[in-house]
Amino acid sequence: MSLLKDAHEKDKAPYAMHDQFPHIVYWTKADYLKDSQIGRKYLKTKCNDSSGSVGFLEDENGKIISREDQQCIRDYQCSLCYTLLKFGLVPVTWLQCTQVAQEFFFHSMQTKFPVLRYCADHWKADTFMWLYYSQWANHPCAASDAEEPKLKQEAIAPPPSPRMCQANTALQ
């Protein structure tokens with residue numbers, strides 16, 4: 001399949017080993033699950049005010065990556081889902097995903113975001129997809145509809161009352 005071949009060709013980085021990245025706290029999913037079941041405040045990864053909510057997405061120093069970086073990963077994840085949709089490979093749930101679709105996703109995500117390489121057996125990319133796939137899967141047709149340009153249809157609403165404009169200004 002050309003989709004998977006393209007992903008493999010772009011993924012030139014060698015498989016990461018834990019001894020190359022000794023500061024990575026959660027190399028295995030089992031270690032993360034053990035700490036995450038206690039609660040977020042018990043995670044061993046370092047965080048600061050800009051750290052995102054996904055505690056296993058850590059940089060090479062064991063620090064949770066920023067909200068902005070995590071959002072970039074989610075945005076790219078959505079674009080890959082639309083690619084899978086276009087090729088007829090999108091599963092109903094991530095747990096029902098075919099091996100071809102998983103490999104495409106893992107290689108594509110790890111090529112673009114090296115933090116997803118800092119683990120054993122692709123568990124960080126797999127778990128990230130599992131966390132957010134259902135949010136995308138509930139509305140998958142939005143992108144396929146967007147491929148065909150359509151005029152936006154809106155009802156003509158009366159102009160806002162001055163009182164409403166004053167309230168909106170007060171909120172800003």
# chains A, B, ... in the order shown; residues from 1 in each chain; ligands from 1

call {"tool": "residues_around", "arguments": {"residues": "Ile73 in chain A", "least_positions_apart": "2", "cutoff": "10 Å", "atoms": "only C-alpha atoms", "output": "mmCIF file with all heavy atoms, in the first residue's frame"}}
result
data_model
loop_
_atom_site.group_PDB
_atom_site.id
_atom_site.type_symbol
_atom_site.label_atom_id
_atom_site.label_comp_id
_atom_site.auth_asym_id
_atom_site.auth_seq_id
_atom_site.Cartn_x
_atom_site.Cartn_y
_atom_site.Cartn_z
ATOM 1 N N ARG A 67 1.209 22.791 26.497
ATOM 2 C CA ARG A 67 -0.155 22.685 25.955
ATOM 3 C C ARG A 67 -0.152 22.937 24.459
ATOM 4 O O ARG A 67 -0.847 22.262 23.704
ATOM 5 C CB ARG A 67 -1.073 23.714 26.636
ATOM 6 C CG ARG A 67 -1.477 23.361 28.034
ATOM 7 C CD ARG A 67 -2.462 24.387 28.612
ATOM 8 N NE ARG A 67 -1.879 25.705 28.807
ATOM 9 C CZ ARG A 67 -1.170 26.066 29.868
ATOM 10 N NH1 ARG A 67 -0.950 25.196 30.827
ATOM 11 N NH2 ARG A 67 -0.683 27.282 29.982
ATOM 12 N N GLU A 68 0.627 23.937 24.025
ATOM 13 C CA GLU A 68 0.678 24.283 22.603
ATOM 14 C C GLU A 68 1.237 23.125 21.777
ATOM 15 O O GLU A 68 0.706 22.811 20.713
ATOM 16 C CB GLU A 68 1.514 25.550 22.381
ATOM 17 C CG GLU A 68 0.877 26.814 22.935
ATOM 18 C CD GLU A 68 1.065 26.983 24.451
ATOM 19 O OE1 GLU A 68 1.931 26.296 25.065
ATOM 20 O OE2 GLU A 68 0.329 27.793 25.031
ATOM 21 N N ASP A 69 2.302 22.501 22.265
ATOM 22 C CA ASP A 69 2.873 21.360 21.546
ATOM 23 C C ASP A 69 1.897 20.184 21.521
ATOM 24 O O ASP A 69 1.768 19.497 20.512
ATOM 25 C CB ASP A 69 4.201 20.931 22.169
ATOM 26 C CG ASP A 69 5.318 21.928 21.912
ATOM 27 O OD1 ASP A 69 5.160 22.801 21.019
ATOM 28 O OD2 ASP A 69 6.351 21.845 22.604
ATOM 29 N N GLN A 70 1.199 19.963 22.625
ATOM 30 C CA GLN A 70 0.210 18.885 22.657
ATOM 31 C C GLN A 70 -0.939 19.182 21.692
ATOM 32 O O GLN A 70 -1.455 18.278 21.035
ATOM 33 C CB GLN A 70 -0.293 18.660 24.079
ATOM 34 C CG GLN A 70 0.765 18.023 24.958
ATOM 35 C CD GLN A 70 0.262 17.612 26.317
ATOM 36 O OE1 GLN A 70 -0.942 17.458 26.549
ATOM 37 N NE2 GLN A 70 1.184 17.401 27.247
ATOM 38 N N GLN A 71 -1.318 20.445 21.572
ATOM 39 C CA GLN A 71 -2.375 20.807 20.624
ATOM 40 C C GLN A 71 -1.900 20.578 19.187
ATOM 41 O O GLN A 71 -2.678 20.133 18.341
ATOM 42 C CB GLN A 71 -2.825 22.253 20.813
ATOM 43 C CG GLN A 71 -4.002 22.649 19.933
ATOM 44 C CD GLN A 71 -5.241 21.796 20.191
ATOM 45 O OE1 GLN A 71 -5.669 21.616 21.325
ATOM 46 N NE2 GLN A 71 -5.818 21.244 19.136
ATOM 47 N N ASP A 75 -3.784 18.336 16.465
ATOM 48 C CA ASP A 75 -4.163 18.832 15.139
ATOM 49 C C ASP A 75 -3.640 17.902 14.038
ATOM 50 O O ASP A 75 -4.347 17.581 13.085
ATOM 51 C CB ASP A 75 -3.638 20.252 14.917
ATOM 52 C CG ASP A 75 -4.306 21.276 15.822
ATOM 53 O OD1 ASP A 75 -5.368 20.971 16.412
ATOM 54 O OD2 ASP A 75 -3.746 22.383 15.959
ATOM 55 N N TYR A 76 -2.393 17.471 14.195
ATOM 56 C CA TYR A 76 -1.809 16.566 13.204
ATOM 57 C C TYR A 76 -2.508 15.209 13.245
ATOM 58 O O TYR A 76 -2.734 14.582 12.209
ATOM 59 C CB TYR A 76 -0.306 16.423 13.443
ATOM 60 C CG TYR A 76 0.403 15.704 12.330
ATOM 61 C CD1 TYR A 76 0.481 16.255 11.052
ATOM 62 C CD2 TYR A 76 1.004 14.470 12.537
ATOM 63 C CE1 TYR A 76 1.129 15.599 10.023
ATOM 64 C CE2 TYR A 76 1.664 13.813 11.524
ATOM 65 C CZ TYR A 76 1.722 14.381 10.270
ATOM 66 O OH TYR A 76 2.371 13.726 9.257
ATOM 67 N N GLN A 77 -2.853 14.766 14.440
ATOM 68 C CA GLN A 77 -3.595 13.517 14.592
ATOM 69 C C GLN A 77 -4.893 13.583 13.782
ATOM 70 O O GLN A 77 -5.237 12.642 13.073
ATOM 71 C CB GLN A 77 -3.914 13.270 16.066
ATOM 72 C CG GLN A 77 -4.872 12.128 16.305
ATOM 73 C CD GLN A 77 -5.524 12.181 17.669
ATOM 74 O OE1 GLN A 77 -5.505 13.214 18.339
ATOM 75 N NE2 GLN A 77 -6.098 11.081 18.075
ATOM 76 N N CYS A 78 -5.599 14.703 13.871
ATOM 77 C CA CYS A 78 -6.845 14.864 13.117
ATOM 78 C C CYS A 78 -6.590 14.805 11.618
ATOM 79 O O CYS A 78 -7.349 14.166 10.878
ATOM 80 C CB CYS A 78 -7.531 16.177 13.482
ATOM 81 S SG CYS A 78 -8.278 16.165 15.112
ATOM 82 N N SER A 79 -5.518 15.437 11.157
ATOM 83 C CA SER A 79 -5.231 15.404 9.719
ATOM 84 C C SER A 79 -4.924 13.987 9.271
ATOM 85 O O SER A 79 -5.315 13.581 8.162
ATOM 86 C CB SER A 79 -4.097 16.367 9.361
ATOM 87 O OG SER A 79 -2.856 15.893 9.820
ATOM 88 N N MET A 109 3.220 10.011 12.929
ATOM 89 C CA MET A 109 3.275 10.808 14.159
ATOM 90 C C MET A 109 4.696 10.875 14.722
ATOM 91 O O MET A 109 5.149 11.930 15.137
ATOM 92 C CB MET A 109 2.328 10.227 15.217
ATOM 93 C CG MET A 109 0.862 10.407 14.903
ATOM 94 S SD MET A 109 0.307 12.116 14.983
ATOM 95 C CE MET A 109 0.124 12.331 16.736
ATOM 96 N N LYS A 112 7.001 13.236 12.704
ATOM 97 C CA LYS A 112 6.745 14.661 12.932
ATOM 98 C C LYS A 112 7.018 15.085 14.378
ATOM 99 O O LYS A 112 7.460 16.201 14.620
ATOM 100 C CB LYS A 112 5.312 14.998 12.548
ATOM 101 C CG LYS A 112 5.019 16.479 12.568
ATOM 102 C CD LYS A 112 3.909 16.819 11.618
ATOM 103 C CE LYS A 112 3.587 18.283 11.624
ATOM 104 N NZ LYS A 112 4.416 19.060 10.719
ATOM 105 N N PHE A 113 6.767 14.202 15.336
ATOM 106 C CA PHE A 113 6.904 14.532 16.757
ATOM 107 C C PHE A 113 7.791 13.500 17.455
ATOM 108 O O PHE A 113 7.297 12.473 17.937
ATOM 109 C CB PHE A 113 5.526 14.588 17.431
ATOM 110 C CG PHE A 113 4.597 15.565 16.790
ATOM 111 C CD1 PHE A 113 3.598 15.131 15.940
ATOM 112 C CD2 PHE A 113 4.749 16.921 17.016
ATOM 113 C CE1 PHE A 113 2.747 16.038 15.328
ATOM 114 C CE2 PHE A 113 3.904 17.836 16.404
ATOM 115 C CZ PHE A 113 2.900 17.389 15.555
ATOM 116 N N LEU A 116 7.126 11.272 20.648
ATOM 117 C CA LEU A 116 6.348 10.035 20.593
ATOM 118 C C LEU A 116 7.236 8.809 20.375
ATOM 119 O O LEU A 116 6.765 7.683 20.467
ATOM 120 C CB LEU A 116 5.272 10.125 19.505
ATOM 121 C CG LEU A 116 4.187 11.169 19.786
ATOM 122 C CD1 LEU A 116 3.299 11.357 18.574
ATOM 123 C CD2 LEU A 116 3.372 10.777 21.009
ATOM 124 N N ALA A 125 2.139 6.974 21.130
ATOM 125 C CA ALA A 125 1.319 7.344 19.975
ATOM 126 C C ALA A 125 -0.019 6.601 20.019
ATOM 127 O O ALA A 125 -1.074 7.177 19.750
ATOM 128 C CB ALA A 125 2.057 7.036 18.670
ATOM 129 N N PHE A 128 -2.152 8.067 22.879
ATOM 130 C CA PHE A 128 -2.622 9.407 22.504
ATOM 131 C C PHE A 128 -3.786 9.302 21.525
ATOM 132 O O PHE A 128 -4.799 9.987 21.675
ATOM 133 C CB PHE A 128 -1.469 10.215 21.891
ATOM 134 C CG PHE A 128 -1.797 11.667 21.721
ATOM 135 C CD1 PHE A 128 -1.668 12.544 22.781
ATOM 136 C CD2 PHE A 128 -2.244 12.157 20.511
ATOM 137 C CE1 PHE A 128 -1.977 13.892 22.639
ATOM 138 C CE2 PHE A 128 -2.551 13.497 20.352
ATOM 139 C CZ PHE A 128 -2.413 14.365 21.430
ATOM 140 N N MET A 129 -3.657 8.433 20.544
ATOM 141 C CA MET A 129 -4.746 8.250 19.580
ATOM 142 C C MET A 129 -5.980 7.695 20.276
ATOM 143 O O MET A 129 -7.087 8.162 20.029
ATOM 144 C CB MET A 129 -4.291 7.322 18.456
ATOM 145 C CG MET A 129 -5.335 7.132 17.386
ATOM 146 S SD MET A 129 -5.752 8.675 16.557
ATOM 147 C CE MET A 129 -5.704 8.160 14.874
#

call {"tool": "closest_residue", "arguments": {"among": "A:Gln96, A:Cys81, A:Arg74, A:Lys124", "to": "Gly55 in chain A", "atoms": "only C-alpha atoms"}}
result
A:Lys124

call {"tool": "residues_around", "arguments": {"residues": "Leu131 in chain A", "least_positions_apart": "4", "cutoff": "10 Å", "atoms": "only C-alpha atoms", "output": "JSON, numbers by chain"}}
result
{"A": [54, 94, 125, 126, 127, 135]}

call {"tool": "select_by_dssp", "arguments": {"residues": "range 59-104 of chain A", "states": "helix (DSSP H, G or I)", "output": "ChimeraX atom specification"}}
result
/A:67-86,94-96,99-104

call {"tool": "residues_around", "arguments": {"residues": "Pro91 in chain A", "least_positions_apart": "4", "cutoff": "10 Å", "atoms": "only C-alpha atoms", "output": "list in words"}}
result
Cys81, Leu84, Leu85, Leu95, Gln96, Cys97, Thr98, Ala101, Tyr133 and Ala137 of chain A

call {"tool": "closest_residue", "arguments": {"among": "A:Ile24, A:Leu33, A:Val92, A:Val100", "to": "Glu58 in chain A", "atoms": "only C-alpha atoms"}}
result
A:Ile24

call {"tool": "residues_around", "arguments": {"residues": "Gly62 in chain A", "least_positions_apart": "3", "cutoff": "7 Å", "atoms": "only C-alpha atoms", "output": "ChimeraX atom specification"}}
result
/A:23-25,45-46,58-59

call {"tool": "residues_around", "arguments": {"residues": "range 50-52 of chain A", "least_positions_apart": "4", "cutoff": "6 Å", "atoms": "only C-alpha atoms", "output": "PDB file with N, CA, C and O atoms, in the first residue's frame"}}
result
ATOM      1  N   ILE A  64       7.030  17.311  30.926  1.00  0.00           N
ATOM      2  CA  ILE A  64       5.798  17.253  30.125  1.00  0.00           C
ATOM      3  C   ILE A  64       5.824  18.398  29.123  1.00  0.00           C
ATOM      4  O   ILE A  64       6.092  19.543  29.486  1.00  0.00           O
ATOM      5  N   ILE A  65       5.535  18.078  27.864  1.00  0.00           N
ATOM      6  CA  ILE A  65       5.573  19.116  26.832  1.00  0.00           C
ATOM      7  C   ILE A  65       4.404  20.085  26.997  1.00  0.00           C
ATOM      8  O   ILE A  65       3.408  19.781  27.641  1.00  0.00           O
ATOM      9  N   SER A  66       4.537  21.248  26.401  1.00  0.00           N
ATOM     10  CA  SER A  66       3.574  22.341  26.592  1.00  0.00           C
ATOM     11  C   SER A  66       2.195  22.025  26.011  1.00  0.00           C
ATOM     12  O   SER A  66       2.038  21.156  25.156  1.00  0.00           O
ATOM     13  N   ARG A  67       1.209  22.791  26.497  1.00  0.00           N
ATOM     14  CA  ARG A  67      -0.155  22.685  25.955  1.00  0.00           C
ATOM     15  C   ARG A  67      -0.152  22.937  24.459  1.00  0.00           C
ATOM     16  O   ARG A  67      -0.847  22.262  23.704  1.00  0.00           O
TER      17      ARG A  67
END

call {"tool": "closest_residue", "arguments": {"among": "A:Cys47, A:Cys72, A:Leu57, A:Ala120", "to": "Lys29 in chain A", "atoms": "only C-alpha atoms"}}
result
A:Ala120

call {"tool": "atom_distance", "arguments": {"atom1": "CA of Tyr26 in chain A", "atom2": "CA of Leu43 in chain A"}}
result
9.4 Å
